[in-house]
Amino acid sequence: MAIALVNEMFNEFNDPDLSYKDSRDGYTEWFKLSFLVDDGYHKFEDGKRKFIPKYDEELQEVMSNFLNKYQKEFESSFINEKEFEVLDRTKEIVKDLKQTLEKEFLIEDKISLFSIDLVGSWQAFKSSGSSKLEQRFYSDITNHVEKKHQK
């Protein structure tokens, strides 16, 4: 064996049982992490290059803690951000992920971060809600819900 590229996917729900193939509904956000991994730190199993169990478990724990840290933001779909602030906030989260991996997982000259890709339903722009059409839309929804509750 030699140096290998190891790819791992983590979803916003921190659900290890959710596969990427099963969640391609356009509503799930994923981090695809790619690492350069030296000999002795990876193996080939089930048709896939993986970390050896010790480092796989460490990465799972680091990512679980990281995703839990941002869980409320993921659940709220960055509700407080408007327009391109959503993209700015996503950029800050990715920077934090890189720093977290550097501090808690990577090993100099053995495991290095190659890339972080955002896969799935990451929002890049969110309307500010200031147009008359959008205000009418929200008003129509409110009226519809109120009528349903009056019955």
# chains A, B, ... in the order shown; residues from 1 in each chain; ligands from 1
$ residues_around --residues "A:Lys48" --least-positions-apart "5" --cutoff "12 Å" --atoms "only C-alpha atoms" --output "list in words"
Ala4, Leu5, Val6, Asn7, Glu8, His42 and Lys43 of chain A
$ select_by_dssp --residues "stretch 79-139 of chain A" --states "alpha helix (DSSP H)" --output "list in words"
Glu85, Val86, Leu87, Asp88, Arg89, Thr90, Lys91, Glu92, Ile93, Val94, Lys95, Asp96, Leu97, Lys98, Gln99, Thr100, Leu101, Glu102, Lys103, Glu104, Lys132, Leu133, Glu134, Gln135, Arg136, Phe137, Tyr138 and Ser139 of chain A
$ write_last_selection --atoms "N, CA, C and O atoms" --output "short mmCIF file (atom, residue, chain, number, x, y, z; two decimals), in the first residue's frame"
data_model
loop_
_atom_site.label_atom_id
_atom_site.label_comp_id
_atom_site.auth_asym_id
_atom_site.auth_seq_id
_atom_site.Cartn_x
_atom_site.Cartn_y
_atom_site.Cartn_z
N GLU A 85 -25.88 36.38 3.40
CA GLU A 85 -25.39 36.06 4.74
C GLU A 85 -25.40 34.55 4.96
O GLU A 85 -24.60 34.03 5.73
N VAL A 86 -26.30 33.85 4.31
CA VAL A 86 -26.38 32.39 4.42
C VAL A 86 -25.06 31.78 3.94
O VAL A 86 -24.49 30.91 4.59
N LEU A 87 -24.58 32.24 2.81
CA LEU A 87 -23.33 31.74 2.26
C LEU A 87 -22.15 32.12 3.16
O LEU A 87 -21.24 31.32 3.38
N ASP A 88 -22.19 33.33 3.70
CA ASP A 88 -21.13 33.76 4.63
C ASP A 88 -21.09 32.86 5.86
O ASP A 88 -20.02 32.48 6.32
N ARG A 89 -22.26 32.52 6.39
CA ARG A 89 -22.32 31.67 7.59
C ARG A 89 -21.81 30.27 7.27
O ARG A 89 -21.08 29.68 8.05
N THR A 90 -22.17 29.75 6.12
CA THR A 90 -21.69 28.43 5.69
C THR A 90 -20.17 28.44 5.58
O THR A 90 -19.51 27.50 6.02
N LYS A 91 -19.62 29.51 5.03
CA LYS A 91 -18.17 29.63 4.91
C LYS A 91 -17.51 29.59 6.29
O LYS A 91 -16.48 28.94 6.47
N GLU A 92 -18.10 30.25 7.27
CA GLU A 92 -17.55 30.25 8.64
C GLU A 92 -17.60 28.85 9.26
O GLU A 92 -16.67 28.44 9.95
N ILE A 93 -18.67 28.13 8.99
CA ILE A 93 -18.80 26.77 9.52
C ILE A 93 -17.73 25.86 8.90
O ILE A 93 -17.10 25.06 9.60
N VAL A 94 -17.49 26.00 7.60
CA VAL A 94 -16.48 25.19 6.93
C VAL A 94 -15.08 25.53 7.46
O VAL A 94 -14.26 24.63 7.68
N LYS A 95 -14.82 26.81 7.70
CA LYS A 95 -13.53 27.19 8.29
C LYS A 95 -13.37 26.56 9.67
O LYS A 95 -12.29 26.07 10.01
N ASP A 96 -14.45 26.57 10.46
CA ASP A 96 -14.40 25.95 11.79
C ASP A 96 -14.16 24.45 11.67
O ASP A 96 -13.41 23.86 12.46
N LEU A 97 -14.78 23.81 10.69
CA LEU A 97 -14.58 22.39 10.48
C LEU A 97 -13.11 22.10 10.17
O LEU A 97 -12.51 21.18 10.74
N LYS A 98 -12.52 22.88 9.29
CA LYS A 98 -11.09 22.70 8.95
C LYS A 98 -10.24 22.84 10.20
O LYS A 98 -9.37 22.00 10.47
N GLN A 99 -10.48 23.86 10.99
CA GLN A 99 -9.70 24.09 12.21
C GLN A 99 -9.91 22.96 13.23
O GLN A 99 -8.97 22.51 13.88
N THR A 100 -11.14 22.48 13.33
CA THR A 100 -11.45 21.38 14.25
C THR A 100 -10.70 20.13 13.84
O THR A 100 -10.10 19.45 14.69
N LEU A 101 -10.71 19.81 12.56
CA LEU A 101 -10.00 18.63 12.07
C LEU A 101 -8.50 18.76 12.31
O LEU A 101 -7.83 17.80 12.71
N GLU A 102 -7.96 19.96 12.06
CA GLU A 102 -6.53 20.18 12.28
C GLU A 102 -6.16 19.96 13.75
O GLU A 102 -5.13 19.37 14.05
N LYS A 103 -7.00 20.43 14.63
CA LYS A 103 -6.71 20.37 16.06
C LYS A 103 -6.97 18.98 16.65
O LYS A 103 -6.22 18.52 17.51
N GLU A 104 -8.02 18.29 16.16
CA GLU A 104 -8.47 17.09 16.85
C GLU A 104 -8.27 15.77 16.08
O GLU A 104 -8.48 14.71 16.66
N LYS A 132 -42.95 43.11 -2.43
CA LYS A 132 -44.41 43.10 -2.21
C LYS A 132 -44.99 41.72 -2.51
O LYS A 132 -45.89 41.26 -1.81
N LEU A 133 -44.49 41.09 -3.54
CA LEU A 133 -44.98 39.77 -3.92
C LEU A 133 -44.72 38.76 -2.80
O LEU A 133 -45.60 37.98 -2.44
N GLU A 134 -43.53 38.80 -2.23
CA GLU A 134 -43.20 37.88 -1.14
C GLU A 134 -44.05 38.18 0.10
O GLU A 134 -44.51 37.26 0.78
N GLN A 135 -44.27 39.42 0.40
CA GLN A 135 -45.11 39.78 1.55
C GLN A 135 -46.54 39.30 1.36
O GLN A 135 -47.17 38.80 2.28
N ARG A 136 -47.06 39.41 0.11
CA ARG A 136 -48.39 38.87 -0.18
C ARG A 136 -48.43 37.36 -0.01
O ARG A 136 -49.39 36.79 0.49
N PHE A 137 -47.36 36.70 -0.47
CA PHE A 137 -47.25 35.25 -0.35
C PHE A 137 -47.34 34.83 1.12
O PHE A 137 -48.12 33.95 1.48
N TYR A 138 -46.56 35.48 1.99
CA TYR A 138 -46.59 35.14 3.41
C TYR A 138 -47.94 35.47 4.04
O TYR A 138 -48.44 34.74 4.89
N SER A 139 -48.55 36.53 3.58
CA SER A 139 -49.88 36.89 4.07
C SER A 139 -50.90 35.84 3.67
O SER A 139 -51.76 35.45 4.49
#
$ atom_distance --atom1 "atom CA of A:Leu18" --atom2 "atom CA of A:Gly120"
13.3 Å
$ closest_residue --among "A:Thr28, A:Ser34, A:Ser19, A:Ser127" --to "A:Ser115" --atoms "only C-alpha atoms"
A:Ser34
$ select_by_dssp --residues "chain A" --states "strand (DSSP E or B)" --output "JSON, numbers by chain"
{"A": [4, 5, 6, 7, 8, 9, 10, 11, 29, 30, 31, 32, 33, 34, 35, 36, 37, 42, 43, 44, 45, 48, 49, 50, 51, 83, 107, 111, 112, 113, 114, 115, 116, 117, 118, 119, 120, 126]}
$ write_last_selection --atoms "N, CA and C atoms" --output "tab-separated table (two decimals), in the first residue's frame"
chain	number	residue	atom	x	y	z
A	4	ALA	N	-2.99	7.09	0.12
A	4	ALA	CA	-4.30	6.92	-0.52
A	4	ALA	C	-5.19	8.11	-0.22
A	5	LEU	N	-6.19	8.29	-1.07
A	5	LEU	CA	-7.22	9.29	-0.86
A	5	LEU	C	-8.40	8.59	-0.19
A	6	VAL	N	-8.77	9.06	0.99
A	6	VAL	CA	-9.91	8.50	1.73
A	6	VAL	C	-10.99	9.56	1.78
A	7	ASN	N	-12.19	9.19	1.33
A	7	ASN	CA	-13.34	10.10	1.32
A	7	ASN	C	-14.37	9.63	2.34
A	8	GLU	N	-14.89	10.60	3.10
A	8	GLU	CA	-15.94	10.31	4.09
A	8	GLU	C	-17.04	11.35	3.95
A	9	MET	N	-18.28	10.91	4.13
A	9	MET	CA	-19.45	11.79	4.03
A	9	MET	C	-20.14	11.86	5.39
A	10	PHE	N	-20.53	13.08	5.77
A	10	PHE	CA	-21.24	13.31	7.03
A	10	PHE	C	-22.43	14.21	6.75
A	11	ASN	N	-23.61	13.82	7.25
A	11	ASN	CA	-24.82	14.61	6.99
A	11	ASN	C	-25.14	15.53	8.17
A	29	GLU	N	-28.04	18.35	3.79
A	29	GLU	CA	-26.73	18.94	3.60
A	29	GLU	C	-25.67	17.93	4.04
A	30	TRP	N	-24.62	17.82	3.23
A	30	TRP	CA	-23.55	16.86	3.49
A	30	TRP	C	-22.20	17.56	3.42
A	31	PHE	N	-21.28	17.11	4.28
A	31	PHE	CA	-19.88	17.46	4.17
A	31	PHE	C	-19.17	16.24	3.58
A	32	LYS	N	-18.50	16.43	2.46
A	32	LYS	CA	-17.66	15.36	1.91
A	32	LYS	C	-16.22	15.75	2.22
A	33	LEU	N	-15.58	14.94	3.04
A	33	LEU	CA	-14.21	15.21	3.45
A	33	LEU	C	-13.28	14.26	2.71
A	34	SER	N	-12.21	14.80	2.15
A	34	SER	CA	-11.21	13.99	1.47
A	34	SER	C	-9.88	14.19	2.19
A	35	PHE	N	-9.24	13.06	2.49
A	35	PHE	CA	-7.98	13.08	3.22
A	35	PHE	C	-6.90	12.36	2.42
A	36	LEU	N	-5.68	12.82	2.50
A	36	LEU	CA	-4.53	12.07	2.03
A	36	LEU	C	-4.03	11.30	3.25
A	37	VAL	N	-3.91	9.97	3.08
A	37	VAL	CA	-3.63	9.10	4.23
A	37	VAL	C	-2.43	8.20	3.90
A	42	HIS	N	-4.79	3.41	6.58
A	42	HIS	CA	-5.97	3.14	5.76
A	42	HIS	C	-5.97	1.68	5.33
A	43	LYS	N	-7.14	1.24	4.87
A	43	LYS	CA	-7.28	-0.12	4.35
A	43	LYS	C	-8.33	-0.10	3.24
A	44	PHE	N	-8.38	-1.16	2.48
A	44	PHE	CA	-9.38	-1.30	1.42
A	44	PHE	C	-10.36	-2.38	1.86
A	45	GLU	N	-11.63	-1.97	1.99
A	45	GLU	CA	-12.64	-2.90	2.48
A	45	GLU	C	-13.97	-2.62	1.80
A	48	LYS	N	-14.04	-0.05	-0.94
A	48	LYS	CA	-13.84	1.36	-0.60
A	48	LYS	C	-12.57	1.52	0.24
A	49	ARG	N	-11.86	2.61	-0.01
A	49	ARG	CA	-10.69	2.95	0.80
A	49	ARG	C	-11.20	3.61	2.08
A	50	LYS	N	-10.77	3.10	3.24
A	50	LYS	CA	-11.26	3.57	4.55
A	50	LYS	C	-10.09	3.75	5.50
A	51	PHE	N	-10.35	4.49	6.57
A	51	PHE	CA	-9.40	4.56	7.67
A	51	PHE	C	-9.38	3.23	8.40
A	83	GLU	N	-30.32	36.94	2.41
A	83	GLU	CA	-29.56	37.10	1.18
A	83	GLU	C	-28.27	36.29	1.24
A	107	ILE	N	-2.92	14.17	11.52
A	107	ILE	CA	-1.61	13.79	12.02
A	107	ILE	C	-0.58	14.22	10.98
A	111	ILE	N	-1.91	11.88	8.14
A	111	ILE	CA	-3.29	12.13	7.69
A	111	ILE	C	-3.41	13.64	7.49
A	112	SER	N	-3.68	14.06	6.26
A	112	SER	CA	-3.87	15.48	5.99
A	112	SER	C	-5.19	15.70	5.27
A	113	LEU	N	-5.76	16.86	5.50
A	113	LEU	CA	-7.03	17.23	4.86
A	113	LEU	C	-6.72	17.65	3.43
A	114	PHE	N	-7.40	17.03	2.48
A	114	PHE	CA	-7.20	17.33	1.07
A	114	PHE	C	-8.26	18.31	0.57
A	115	SER	N	-9.55	18.06	0.97
A	115	SER	CA	-10.62	18.98	0.56
A	115	SER	C	-11.86	18.79	1.42
A	116	ILE	N	-12.68	19.83	1.45
A	116	ILE	CA	-14.01	19.79	2.05
A	116	ILE	C	-14.97	20.24	0.95
A	117	ASP	N	-15.88	19.36	0.59
A	117	ASP	CA	-16.90	19.71	-0.41
A	117	ASP	C	-18.25	19.76	0.27
A	118	LEU	N	-19.08	20.70	-0.15
A	118	LEU	CA	-20.45	20.79	0.33
A	118	LEU	C	-21.33	20.12	-0.71
A	119	VAL	N	-22.06	19.11	-0.29
A	119	VAL	CA	-22.87	18.31	-1.20
A	119	VAL	C	-24.31	18.35	-0.70
A	120	GLY	N	-25.26	18.47	-1.61
A	120	GLY	CA	-26.66	18.43	-1.22
A	120	GLY	C	-27.32	19.79	-1.30
A	126	LYS	N	-30.78	33.64	0.24
A	126	LYS	CA	-32.08	33.56	0.86
A	126	LYS	C	-32.74	34.94	0.77
$ residues_around --residues "stretch 69-76 of chain A" --least-positions-apart "4" --cutoff "9 Å" --atoms "only C-alpha atoms" --output "VMD selection string"
chain A and resid 12 to 14 29 64 to 65 80 93
$ atom_distance --atom1 "atom CA of A:Tyr41" --atom2 "atom CA of A:Asp15"
24.5 Å
$ atom_distance --atom1 "atom CA of A:Asp109" --atom2 "atom CA of A:Asp38"
7.5 Å
